[in-house]
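Student: Got a structure for you, questions after.
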Amino acid sequence: MTVSTATTAISTASAARRTDRRIRIARRAATPVIVVLSLGGLLLWLSTLELDSIEQRTLNWDYIFLRTGEHLNLTIVASILVAVLAIPTGILLSRTRSRFTRGFVLGLANVGQATPAVGVVILLAIIWQTGYTTALVALVIYSFLPVLRNTMIGLEQIDPFVKESALGMGMTSGQVLRRIELPLAVPVILAGLRTSLVFCVGVATIATFINAGGLGDMIVNGLKLQRFPVLVTGAVLVASIALLIDWVASVIEDVLRPKGV
Amino acid sequence: MPESTDTALTQIASRTDGARIVLDRVSKVYPGQDAPAVEEFSMVAEPGELIMFVGPSGCGKTTTMKMINRIIEPSSGSITIDGRDILSLDPSELRRHIGYVIQQIGLFPHMTIAENIAVVPKLLGWTKQRTADRVDELLQTVQLDPGTFAHRYPRQLSGGQQQRVGVARALAADPPVMLMDEPFGATDPITREKLQAEFLRLQESIGKTIIFVTHDFDEAIRLGDRIAVLSERSQIEQFDTPAAILAEPANDYVRSFIGQGAALKRLALIPVETAVLGAASAAVDHHRIATDDSLRDALDLLIVTGAPAIGVVDRSGTLVGSLTVERISTALGADATALAATRSDEGRLA
Ligand SMILES: Nc1ncnc2c1ncn2[C@@H]1O[C@H](COP(=O)(O)OP(=O)(O)OP(=O)(O)O)[C@@H](O)[C@H]1O
Ligand SMILES: [Mg+2]
């Protein structure tokens, strides 16, 4: 998370920007290469193994696609919900004068994130129900903070004189928000969303504890039944998804970053 | 009463060659402060007048100026533009008809130079073509080549170029009133002088009512039709033409603000042609000064060359007379007498 926020706050010197670009391109190429290599390696390794019946039940394409689909579904739906909820909340919070309200909401989001993810999931399952919806709610609670905080930071870091001149030229405060503040805050908000996507990929493995599926199933099965290949496949898949999602998000970040900034 | 607001704004907007601004006993007390930042400030700016606010840091220049476009709301008193109370107008609508330039420039970093300049025309609903034409025209006015600069982003411009864009942007919708807060503050002396000269030429052709804040007294003398010398709480110590303030500072405060060399500063305001010239034959050397140069330039030439007299040439280059240090000194005295005379005339009329 700190890494992604830091990348958006890079120095502006043009020389630095050029080397920076080269590093970014290298890093851009690195991720897919690593993912392809590790998935290929995994496949190769699995093909050399004699799978027993328990292993065959999980290490087949249907099962893997099903669990991966569930995992992606949880991650993406939760992230969309976080975006839809946390960005407007961040805008509203950055507009309130009341320090108390800001402190309170930020504190609440902090609690959501600081509580161990397993705790949030199990607690919700106990007081409410098990299944997909609960897992989704837990994910949203858990990954709310990065987007909320980055939205606020993104809006607050804008040069106050840029806002003043916008107002002074006759924009209404809504126009200032839409035409000036949000476009300028986009990189920071996106960095928050990216963090929260990666969080979600990791935390969605816990959904299995409350019967919400996902790749956590494979990992837990592998552990419980002491089937090493199953465990490794689950873990490598989760890691690959996290890397790929982070990669896609970084590409989107670059595309949406306003020119001239 | 949206209708009356609309008509009032239309009327103000149509006065593109300057509106009359009246501030009447305007005060501003910032929340949580005992002393007012501006206290009972009254002033009339005539249409087309360029008024300079000069004063030390923290005296309330910016606060006073920002009350005119309601970036800061006055605590008491009234402000009218062409007779309309600005507090009765919609603030956003009002601001679209008041050009605004701040010291920090405040260009929008994510918009190109052309987009920056087009902001107010867009808000006013101009057509694309009209806006584009206007952007081109303005870039040329502030001496930036549209082909080179229109599609650059602010950070690709130098400080001085950004200042020009700031001025162009404020002029975009041809507003009757301009508020400029140290617009040339962040530039080096040479760029600043160039910007000032360009700005003077511009104001000659556009003739807006301009409130111009600076803490550089020399800038005030150079640009202003009238200067308001301000002290703590935006109190007006003197409000007069540059020549009158230099010739007759109202008090020690103003005198200290003028600093050394008041006579030289006055000479800079008096053109050579107002002096009584000596015989052309007195100019034995080939040193020449033009009739529309200032007496300060003439004195400068006299000192540098060490000549007893220099020749004066008119626009066509014909020698029309000569100048000596004595004649310059006499001209300065005559200027002071003339000032005093108009002063007592005004006194009688009032
Ligand atoms: N937003 C604010 N809240 C509280 N006090 C303020 C605020 N803005 C200005 N002041 C105070 O009001 C006084 C006048 O400030 P102002 O900015 O008008 O001065 P100025 O003459 O423009 O100074 P400078 O030449 O430094 O720009 C100062 O004492 C300043 O501290
Ligand atoms: Mg100021």
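Scheme for the structure tokens: letters A, B, ... for chains in order shown; per-chain residue numbers from 1; ligand numbers from 1 in order shown.
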Counting only C-alpha atoms, which residues of chain A come no farther than 7 Å from chain B, as a list in words?

Tutor: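 Applying the cut-off to the listed atoms yields Phe161, Val162, Ser165, Gly168, Met169, Gly170, Met171, Thr172, Leu184, Pro258, Lys259, Gly260 and Val261 of chain A.
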
Student: The selected residues should be written to file as a PDB file, in the first residue's frame (atoms: C-alpha atoms).

Tutor:
ATOM      1  CA  PHE A 161      -4.625  28.572  -5.000  1.00  0.00           C
ATOM      2  CA  VAL A 162      -5.760  26.412  -7.890  1.00  0.00           C
ATOM      3  CA  SER A 165      -8.631  30.727  -8.866  1.00  0.00           C
ATOM      4  CA  GLY A 168     -12.605  33.323  -8.463  1.00  0.00           C
ATOM      5  CA  MET A 169     -13.274  32.724 -12.145  1.00  0.00           C
ATOM      6  CA  GLY A 170     -16.882  31.930 -11.400  1.00  0.00           C
ATOM      7  CA  MET A 171     -17.126  28.168 -11.060  1.00  0.00           C
ATOM      8  CA  THR A 172     -19.711  26.981  -8.563  1.00  0.00           C
ATOM      9  CA  LEU A 184      -6.483  16.233 -10.032  1.00  0.00           C
ATOM     10  CA  PRO A 258      -4.429  13.589 -16.123  1.00  0.00           C
ATOM     11  CA  LYS A 259      -1.931  14.842 -18.677  1.00  0.00           C
ATOM     12  CA  GLY A 260       0.162  17.757 -17.554  1.00  0.00           C
ATOM     13  CA  VAL A 261       0.366  16.528 -13.959  1.00  0.00           C
TER      14      VAL A 261
END

Student: Could the residues that lie within 12 Å of ligand 2, counting only C-alpha atoms and all ligand atoms, be listed as a short mmCIF file (atom, residue, chain, number, x, y, z; two decimals) with all heavy atoms, in the first residue's frame?

Tutor:
data_model
loop_
_atom_site.label_atom_id
_atom_site.label_comp_id
_atom_site.auth_asym_id
_atom_site.auth_seq_id
_atom_site.Cartn_x
_atom_site.Cartn_y
_atom_site.Cartn_z
N ALA B 37 -9.14 43.20 9.94
CA ALA B 37 -8.06 43.20 8.94
C ALA B 37 -8.23 44.40 8.02
O ALA B 37 -7.26 44.93 7.48
CB ALA B 37 -8.08 41.91 8.14
N PHE B 53 -3.03 49.44 -5.10
CA PHE B 53 -2.99 49.37 -3.64
C PHE B 53 -1.54 49.06 -3.25
O PHE B 53 -1.02 48.01 -3.64
CB PHE B 53 -3.85 48.22 -3.10
CG PHE B 53 -5.33 48.46 -3.16
CD1 PHE B 53 -5.86 49.62 -3.71
CD2 PHE B 53 -6.21 47.52 -2.62
CE1 PHE B 53 -7.24 49.83 -3.76
CE2 PHE B 53 -7.58 47.71 -2.66
CZ PHE B 53 -8.11 48.86 -3.23
N VAL B 54 -0.92 49.97 -2.51
CA VAL B 54 0.44 49.69 -2.03
C VAL B 54 0.42 49.72 -0.51
O VAL B 54 -0.27 50.53 0.10
CB VAL B 54 1.46 50.78 -2.45
CG1 VAL B 54 2.81 50.16 -2.71
CG2 VAL B 54 0.98 51.59 -3.60
N GLY B 55 1.22 48.88 0.09
CA GLY B 55 1.31 48.88 1.54
C GLY B 55 2.17 47.72 1.99
O GLY B 55 2.43 46.81 1.21
N PRO B 56 2.58 47.76 3.26
CA PRO B 56 3.45 46.69 3.74
C PRO B 56 2.70 45.36 3.86
O PRO B 56 1.47 45.34 3.83
CB PRO B 56 3.89 47.18 5.13
CG PRO B 56 2.83 48.12 5.55
CD PRO B 56 2.30 48.76 4.30
N SER B 57 3.45 44.29 3.98
CA SER B 57 2.85 42.96 4.10
C SER B 57 1.90 42.91 5.29
O SER B 57 2.21 43.41 6.36
CB SER B 57 3.98 41.94 4.27
OG SER B 57 3.45 40.66 4.18
N GLY B 58 0.74 42.32 5.07
CA GLY B 58 -0.21 42.13 6.15
C GLY B 58 -1.10 43.32 6.43
O GLY B 58 -1.86 43.31 7.40
N CYS B 59 -1.04 44.37 5.59
CA CYS B 59 -1.83 45.57 5.90
C CYS B 59 -3.28 45.42 5.42
O CYS B 59 -4.12 46.25 5.73
CB CYS B 59 -1.19 46.82 5.31
SG CYS B 59 -1.32 46.93 3.52
N GLY B 60 -3.56 44.39 4.66
CA GLY B 60 -4.95 44.16 4.28
C GLY B 60 -5.27 44.42 2.81
O GLY B 60 -6.43 44.47 2.42
N LYS B 61 -4.25 44.53 1.98
CA LYS B 61 -4.47 44.79 0.55
C LYS B 61 -5.27 43.67 -0.10
O LYS B 61 -6.29 43.91 -0.75
CB LYS B 61 -3.12 44.90 -0.19
CG LYS B 61 -2.16 45.92 0.37
CD LYS B 61 -0.87 45.97 -0.41
CE LYS B 61 -0.01 44.72 -0.31
NZ LYS B 61 0.59 44.51 1.03
N THR B 62 -4.79 42.44 0.10
CA THR B 62 -5.45 41.30 -0.51
C THR B 62 -6.87 41.15 0.00
O THR B 62 -7.80 40.91 -0.77
CB THR B 62 -4.64 40.01 -0.23
OG1 THR B 62 -3.34 40.16 -0.78
CG2 THR B 62 -5.30 38.80 -0.81
N THR B 63 -7.03 41.29 1.31
CA THR B 63 -8.36 41.15 1.89
C THR B 63 -9.32 42.16 1.27
O THR B 63 -10.44 41.82 0.88
CB THR B 63 -8.29 41.35 3.42
OG1 THR B 63 -7.32 40.46 3.96
CG2 THR B 63 -9.63 41.11 4.06
N THR B 64 -8.87 43.41 1.16
CA THR B 64 -9.73 44.45 0.59
C THR B 64 -10.12 44.09 -0.83
O THR B 64 -11.30 44.15 -1.21
CB THR B 64 -8.98 45.81 0.58
OG1 THR B 64 -8.48 46.06 1.89
CG2 THR B 64 -9.91 46.93 0.16
N MET B 65 -9.14 43.66 -1.61
CA MET B 65 -9.40 43.35 -3.01
C MET B 65 -10.35 42.16 -3.17
O MET B 65 -11.27 42.19 -3.98
CB MET B 65 -8.08 43.05 -3.71
CG MET B 65 -8.20 42.98 -5.19
SD MET B 65 -6.78 42.15 -5.91
CE MET B 65 -7.31 40.47 -5.72
N LYS B 66 -10.15 41.14 -2.35
CA LYS B 66 -10.96 39.93 -2.52
C LYS B 66 -12.41 40.11 -2.07
O LYS B 66 -13.24 39.24 -2.33
CB LYS B 66 -10.33 38.77 -1.74
CG LYS B 66 -9.11 38.19 -2.43
CD LYS B 66 -8.61 36.98 -1.70
CE LYS B 66 -7.31 36.49 -2.31
NZ LYS B 66 -6.71 35.43 -1.49
N VAL B 101 -6.66 37.75 -11.14
CA VAL B 101 -5.29 37.23 -11.26
C VAL B 101 -4.68 37.21 -9.87
O VAL B 101 -4.66 38.23 -9.19
CB VAL B 101 -4.42 38.15 -12.15
CG1 VAL B 101 -3.05 37.51 -12.39
CG2 VAL B 101 -5.10 38.45 -13.47
N ILE B 102 -4.19 36.05 -9.44
CA ILE B 102 -3.57 35.99 -8.12
C ILE B 102 -2.08 35.80 -8.24
O ILE B 102 -1.58 35.34 -9.26
CB ILE B 102 -4.18 34.87 -7.23
CG1 ILE B 102 -4.05 33.51 -7.89
CG2 ILE B 102 -5.62 35.19 -6.93
CD1 ILE B 102 -4.56 32.38 -7.03
N GLN B 103 -1.39 36.15 -7.17
CA GLN B 103 0.07 36.10 -7.18
C GLN B 103 0.58 34.70 -7.48
O GLN B 103 1.55 34.52 -8.20
CB GLN B 103 0.60 36.57 -5.82
CG GLN B 103 2.11 36.44 -5.72
CD GLN B 103 2.66 37.08 -4.48
OE1 GLN B 103 1.93 37.62 -3.65
NE2 GLN B 103 3.97 37.03 -4.33
N GLN B 104 -0.10 33.70 -6.95
CA GLN B 104 0.35 32.32 -7.13
C GLN B 104 -0.07 31.77 -8.47
O GLN B 104 0.09 30.59 -8.75
CB GLN B 104 -0.19 31.46 -6.00
CG GLN B 104 0.21 31.91 -4.60
CD GLN B 104 -0.62 33.08 -4.09
OE1 GLN B 104 -1.55 33.54 -4.74
NE2 GLN B 104 -0.32 33.59 -2.92
N MET B 180 -6.19 42.30 -9.64
CA MET B 180 -4.88 41.68 -9.85
C MET B 180 -4.06 41.78 -8.57
O MET B 180 -3.75 42.86 -8.12
CB MET B 180 -4.16 42.37 -11.00
CG MET B 180 -5.04 42.49 -12.24
SD MET B 180 -4.23 43.28 -13.63
CE MET B 180 -3.24 41.97 -14.26
N ASP B 181 -3.75 40.62 -7.98
CA ASP B 181 -3.03 40.60 -6.72
C ASP B 181 -1.57 40.24 -6.99
O ASP B 181 -1.25 39.09 -7.24
CB ASP B 181 -3.66 39.56 -5.79
CG ASP B 181 -3.16 39.71 -4.36
OD1 ASP B 181 -2.25 40.54 -4.12
OD2 ASP B 181 -3.68 38.99 -3.49
N GLU B 182 -0.71 41.24 -6.98
CA GLU B 182 0.72 41.05 -7.25
C GLU B 182 0.95 40.10 -8.43
O GLU B 182 1.64 39.09 -8.30
CB GLU B 182 1.43 40.51 -6.00
CG GLU B 182 1.15 41.38 -4.79
CD GLU B 182 2.15 41.18 -3.67
OE1 GLU B 182 3.30 40.81 -3.96
OE2 GLU B 182 1.79 41.42 -2.52
N PRO B 183 0.37 40.45 -9.59
CA PRO B 183 0.42 39.50 -10.71
C PRO B 183 1.83 39.26 -11.23
O PRO B 183 2.10 38.23 -11.81
CB PRO B 183 -0.44 40.17 -11.78
CG PRO B 183 -0.42 41.61 -11.45
CD PRO B 183 -0.31 41.70 -9.96
N GLY B 185 4.51 39.39 -9.25
CA GLY B 185 5.33 39.26 -8.04
C GLY B 185 6.42 38.21 -8.15
O GLY B 185 7.54 38.43 -7.71
N PHE B 212 -5.17 46.86 -8.59
CA PHE B 212 -3.89 46.17 -8.76
C PHE B 212 -3.13 46.26 -7.44
O PHE B 212 -2.80 47.34 -6.97
CB PHE B 212 -3.11 46.87 -9.89
CG PHE B 212 -1.88 46.17 -10.37
CD1 PHE B 212 -1.77 45.79 -11.70
CD2 PHE B 212 -0.81 45.92 -9.52
CE1 PHE B 212 -0.62 45.17 -12.18
CE2 PHE B 212 0.33 45.29 -9.99
CZ PHE B 212 0.43 44.92 -11.32
N VAL B 213 -2.90 45.13 -6.81
CA VAL B 213 -2.21 45.11 -5.52
C VAL B 213 -0.71 44.88 -5.72
O VAL B 213 -0.32 44.04 -6.52
CB VAL B 213 -2.78 43.99 -4.63
CG1 VAL B 213 -1.89 43.75 -3.42
CG2 VAL B 213 -4.19 44.31 -4.19
N THR B 214 0.09 45.65 -5.02
CA THR B 214 1.54 45.42 -5.09
C THR B 214 2.16 45.90 -3.78
O THR B 214 1.55 46.66 -3.05
CB THR B 214 2.17 46.18 -6.27
OG1 THR B 214 3.56 45.94 -6.28
CG2 THR B 214 1.93 47.67 -6.18
N HIS B 215 3.37 45.40 -3.45
CA HIS B 215 4.03 46.12 -2.37
C HIS B 215 5.31 46.79 -2.86
O HIS B 215 6.14 47.22 -2.11
CB HIS B 215 4.24 45.27 -1.11
CG HIS B 215 4.91 43.96 -1.34
ND1 HIS B 215 4.35 42.78 -0.96
CD2 HIS B 215 6.06 43.64 -1.94
CE1 HIS B 215 5.14 41.79 -1.31
NE2 HIS B 215 6.19 42.28 -1.90
N SER B 234 -5.73 48.40 6.47
CA SER B 234 -6.10 48.97 5.18
C SER B 234 -6.54 50.43 5.27
O SER B 234 -7.40 50.87 4.52
CB SER B 234 -7.22 48.12 4.55
OG SER B 234 -7.05 48.05 3.16
#

Student: Name the residues in contact with region 266-275 of chain B at a cut-off of 8 Å, using only C-alpha atoms, excluding same-chain residues fewer than 6 positions from it; report them as a PyMOL selection string.

Tutor: chain B and resi 222+243+246-247+290-298+327-328+330-332

Student: Would you write out those residues with C-alpha atoms, as a compact mmCIF listing (two decimals), in the first residue's frame?

Tutor:
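The resulting file, result.txt, is shown below:
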# COMPACT_ATOMS: atom_id res chain seq x y z
CA ARG B 222 4.96 53.08 -13.14
CA ALA B 243 3.03 62.56 -9.48
CA LEU B 246 5.76 62.00 -5.07
CA ALA B 247 5.54 65.80 -5.05
CA ALA B 290 13.61 62.01 -27.84
CA THR B 291 10.71 64.30 -26.85
CA ASP B 292 8.68 61.36 -25.54
CA ASP B 293 11.48 60.06 -23.33
CA SER B 294 11.34 61.03 -19.65
CA LEU B 295 13.31 63.81 -17.99
CA ARG B 296 14.95 61.06 -15.95
CA ASP B 297 16.35 59.52 -19.12
CA ALA B 298 17.58 62.99 -20.13
CA ARG B 327 16.33 73.25 -17.28
CA ILE B 328 15.43 69.81 -15.93
CA THR B 330 13.20 74.09 -13.49
CA ALA B 331 10.83 71.67 -15.19
CA LEU B 332 10.54 69.69 -11.96

Student: Skipping near chain neighbours, those fewer than 2 positions away, what residues fall within 8 Å of Ala204 (chain A) using only C-alpha atoms, listed as a VMD selection string?

Tutor: chain A and resid 71 74 to 75 135 139 200 to 202 206 to 207 214 to 216

Student: Keeping only N, CA, C and O atoms, write the selected residues to a file as a PDB file, in the first residue's frame.

Tutor:
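The resulting file, selection29.pdb, is shown below:
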ATOM      1  N   HIS A  71     -13.441 -16.461  -6.632  1.00  0.00           N
ATOM      2  CA  HIS A  71     -12.457 -15.566  -6.012  1.00  0.00           C
ATOM      3  C   HIS A  71     -12.468 -14.196  -6.687  1.00  0.00           C
ATOM      4  O   HIS A  71     -12.531 -13.156  -6.032  1.00  0.00           O
ATOM      5  N   LEU A  74     -15.726 -12.248  -5.921  1.00  0.00           N
ATOM      6  CA  LEU A  74     -15.691 -11.599  -4.602  1.00  0.00           C
ATOM      7  C   LEU A  74     -14.820 -10.344  -4.641  1.00  0.00           C
ATOM      8  O   LEU A  74     -15.214  -9.265  -4.191  1.00  0.00           O
ATOM      9  N   THR A  75     -13.630 -10.503  -5.200  1.00  0.00           N
ATOM     10  CA  THR A  75     -12.676  -9.404  -5.216  1.00  0.00           C
ATOM     11  C   THR A  75     -13.213  -8.201  -5.975  1.00  0.00           C
ATOM     12  O   THR A  75     -13.199  -7.070  -5.486  1.00  0.00           O
ATOM     13  N   ALA A 135     -19.395 -12.618   3.184  1.00  0.00           N
ATOM     14  CA  ALA A 135     -17.998 -12.483   2.771  1.00  0.00           C
ATOM     15  C   ALA A 135     -17.783 -11.142   2.079  1.00  0.00           C
ATOM     16  O   ALA A 135     -16.797 -10.441   2.321  1.00  0.00           O
ATOM     17  N   LEU A 139     -15.347  -8.089   3.215  1.00  0.00           N
ATOM     18  CA  LEU A 139     -14.310  -7.553   2.325  1.00  0.00           C
ATOM     19  C   LEU A 139     -14.423  -6.037   2.196  1.00  0.00           C
ATOM     20  O   LEU A 139     -13.428  -5.312   2.219  1.00  0.00           O
ATOM     21  N   CYS A 200      -8.214  -7.238  -1.215  1.00  0.00           N
ATOM     22  CA  CYS A 200      -9.364  -8.115  -1.407  1.00  0.00           C
ATOM     23  C   CYS A 200      -8.930  -9.496  -1.903  1.00  0.00           C
ATOM     24  O   CYS A 200      -9.450 -10.509  -1.438  1.00  0.00           O
ATOM     25  N   VAL A 201      -7.991  -9.530  -2.832  1.00  0.00           N
ATOM     26  CA  VAL A 201      -7.546 -10.823  -3.354  1.00  0.00           C
ATOM     27  C   VAL A 201      -7.044 -11.689  -2.200  1.00  0.00           C
ATOM     28  O   VAL A 201      -7.382 -12.871  -2.094  1.00  0.00           O
ATOM     29  N   GLY A 202      -6.250 -11.076  -1.326  1.00  0.00           N
ATOM     30  CA  GLY A 202      -5.707 -11.828  -0.198  1.00  0.00           C
ATOM     31  C   GLY A 202      -6.786 -12.253   0.773  1.00  0.00           C
ATOM     32  O   GLY A 202      -6.887 -13.430   1.148  1.00  0.00           O
ATOM     33  N   ILE A 206     -10.160 -16.136   2.788  1.00  0.00           N
ATOM     34  CA  ILE A 206     -10.773 -16.484   4.070  1.00  0.00           C
ATOM     35  C   ILE A 206     -12.249 -16.839   3.892  1.00  0.00           C
ATOM     36  O   ILE A 206     -12.866 -17.461   4.746  1.00  0.00           O
ATOM     37  N   ALA A 207     -12.827 -16.429   2.738  1.00  0.00           N
ATOM     38  CA  ALA A 207     -14.252 -16.667   2.504  1.00  0.00           C
ATOM     39  C   ALA A 207     -14.615 -18.140   2.672  1.00  0.00           C
ATOM     40  O   ALA A 207     -15.743 -18.483   3.028  1.00  0.00           O
ATOM     41  N   GLY A 214     -14.155 -19.619  -3.291  1.00  0.00           N
ATOM     42  CA  GLY A 214     -12.897 -18.956  -3.575  1.00  0.00           C
ATOM     43  C   GLY A 214     -11.728 -19.914  -3.488  1.00  0.00           C
ATOM     44  O   GLY A 214     -11.872 -21.093  -3.143  1.00  0.00           O
ATOM     45  N   LEU A 215     -10.556 -19.415  -3.828  1.00  0.00           N
ATOM     46  CA  LEU A 215      -9.358 -20.256  -3.854  1.00  0.00           C
ATOM     47  C   LEU A 215      -8.904 -20.672  -2.462  1.00  0.00           C
ATOM     48  O   LEU A 215      -8.080 -21.574  -2.306  1.00  0.00           O
ATOM     49  N   GLY A 216      -9.458 -20.032  -1.443  1.00  0.00           N
ATOM     50  CA  GLY A 216      -9.184 -20.447  -0.068  1.00  0.00           C
ATOM     51  C   GLY A 216      -9.530 -21.919   0.126  1.00  0.00           C
ATOM     52  O   GLY A 216      -8.876 -22.634   0.884  1.00  0.00           O
TER      53      GLY A 216
END

Student: Which one of B:Ile206, B:Val135, B:Ala186, B:Leu89 sits closest to Gln162 (chain B) if you count only C-alpha atoms?

Tutor: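 Under the stated criterion, the closest residue is B:Ala186.
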
Student: Write out as a PyMOL selection string which residues come within 6 Å of region 144-147 of chain A when counting only C-alpha atoms, dropping same-chain ones fewer than 3 positions away.

Tutor: chain A and resi 82+86+109+140-141+150-151+192-193

Student: What's the 9 Å shell around Glu198 (chain B), counting only C-alpha atoms, without same-chain residues fewer than 5 positions away, as a PyMOL selection string?

Tutor: chain B and resi 141-143+193+203

Student: How would the residues just chosen look if you wrote them out with N, CA and C atoms as a PDB file, in the first residue's frame?

Tutor:
ATOM      1  N   THR B 141      -2.065  38.671 -27.749  1.00  0.00           N
ATOM      2  CA  THR B 141      -2.027  39.891 -26.939  1.00  0.00           C
ATOM      3  C   THR B 141      -0.931  39.811 -25.886  1.00  0.00           C
ATOM      4  N   VAL B 142      -0.809  38.647 -25.221  1.00  0.00           N
ATOM      5  CA  VAL B 142       0.215  38.540 -24.180  1.00  0.00           C
ATOM      6  C   VAL B 142       1.533  37.988 -24.743  1.00  0.00           C
ATOM      7  N   GLN B 143       1.661  38.058 -26.066  1.00  0.00           N
ATOM      8  CA  GLN B 143       2.908  37.734 -26.741  1.00  0.00           C
ATOM      9  C   GLN B 143       3.383  36.309 -26.521  1.00  0.00           C
ATOM     10  N   GLU B 193       9.786  43.896 -15.498  1.00  0.00           N
ATOM     11  CA  GLU B 193       9.724  45.169 -16.199  1.00  0.00           C
ATOM     12  C   GLU B 193       9.078  44.986 -17.573  1.00  0.00           C
ATOM     13  N   GLN B 203      -3.389  47.940 -21.241  1.00  0.00           N
ATOM     14  CA  GLN B 203      -4.410  48.720 -20.550  1.00  0.00           C
ATOM     15  C   GLN B 203      -4.778  49.955 -21.363  1.00  0.00           C
TER      16      GLN B 203
END

Student: For ligand 1, which of B:Ala132, B:Leu319, B:Leu230, B:Leu144 is the closest residue, counting only C-alpha atoms and all ligand atoms?

Tutor: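 Closest to ligand 1 of all the choices is B:Leu230.
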
Student: Taking 4 positions as the minimum chain separation for residues in the same chain, which residues sit within 8 Å of Gly77 (chain B) when counting only C-alpha atoms? Answer as a list in words.

Tutor: Leu23, Asp24, Arg25, Val26, Ser27 and Glu40 of chain B

Student: Filtering to C-alpha atoms, could you give me those residues as an mmCIF file, in the first residue's frame?

Tutor:
data_model
loop_
_atom_site.group_PDB
_atom_site.id
_atom_site.type_symbol
_atom_site.label_atom_id
_atom_site.label_comp_id
_atom_site.auth_asym_id
_atom_site.auth_seq_id
_atom_site.Cartn_x
_atom_site.Cartn_y
_atom_site.Cartn_z
ATOM 1 C CA LEU B 23 -16.532 50.733 -1.628
ATOM 2 C CA ASP B 24 -18.334 52.355 1.268
ATOM 3 C CA ARG B 25 -17.065 51.911 4.829
ATOM 4 C CA VAL B 26 -16.163 48.277 4.171
ATOM 5 C CA SER B 27 -14.772 46.294 7.112
ATOM 6 C CA GLU B 40 -14.056 51.292 7.311
#

Student: Closest to Val220 (chain A) among A:Thr58, A:Ser98, A:Thr19, A:Ser38, using only C-alpha atoms?

Tutor: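 The closest residue to Val220 (chain A) is A:Thr58.
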
Student: Quick check, in Å to one decimal: how far apart do CA of Ile81 (chain B) and CA of Phe184 (chain B) lie?

Tutor: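 A separation of 25.7 Å between them.
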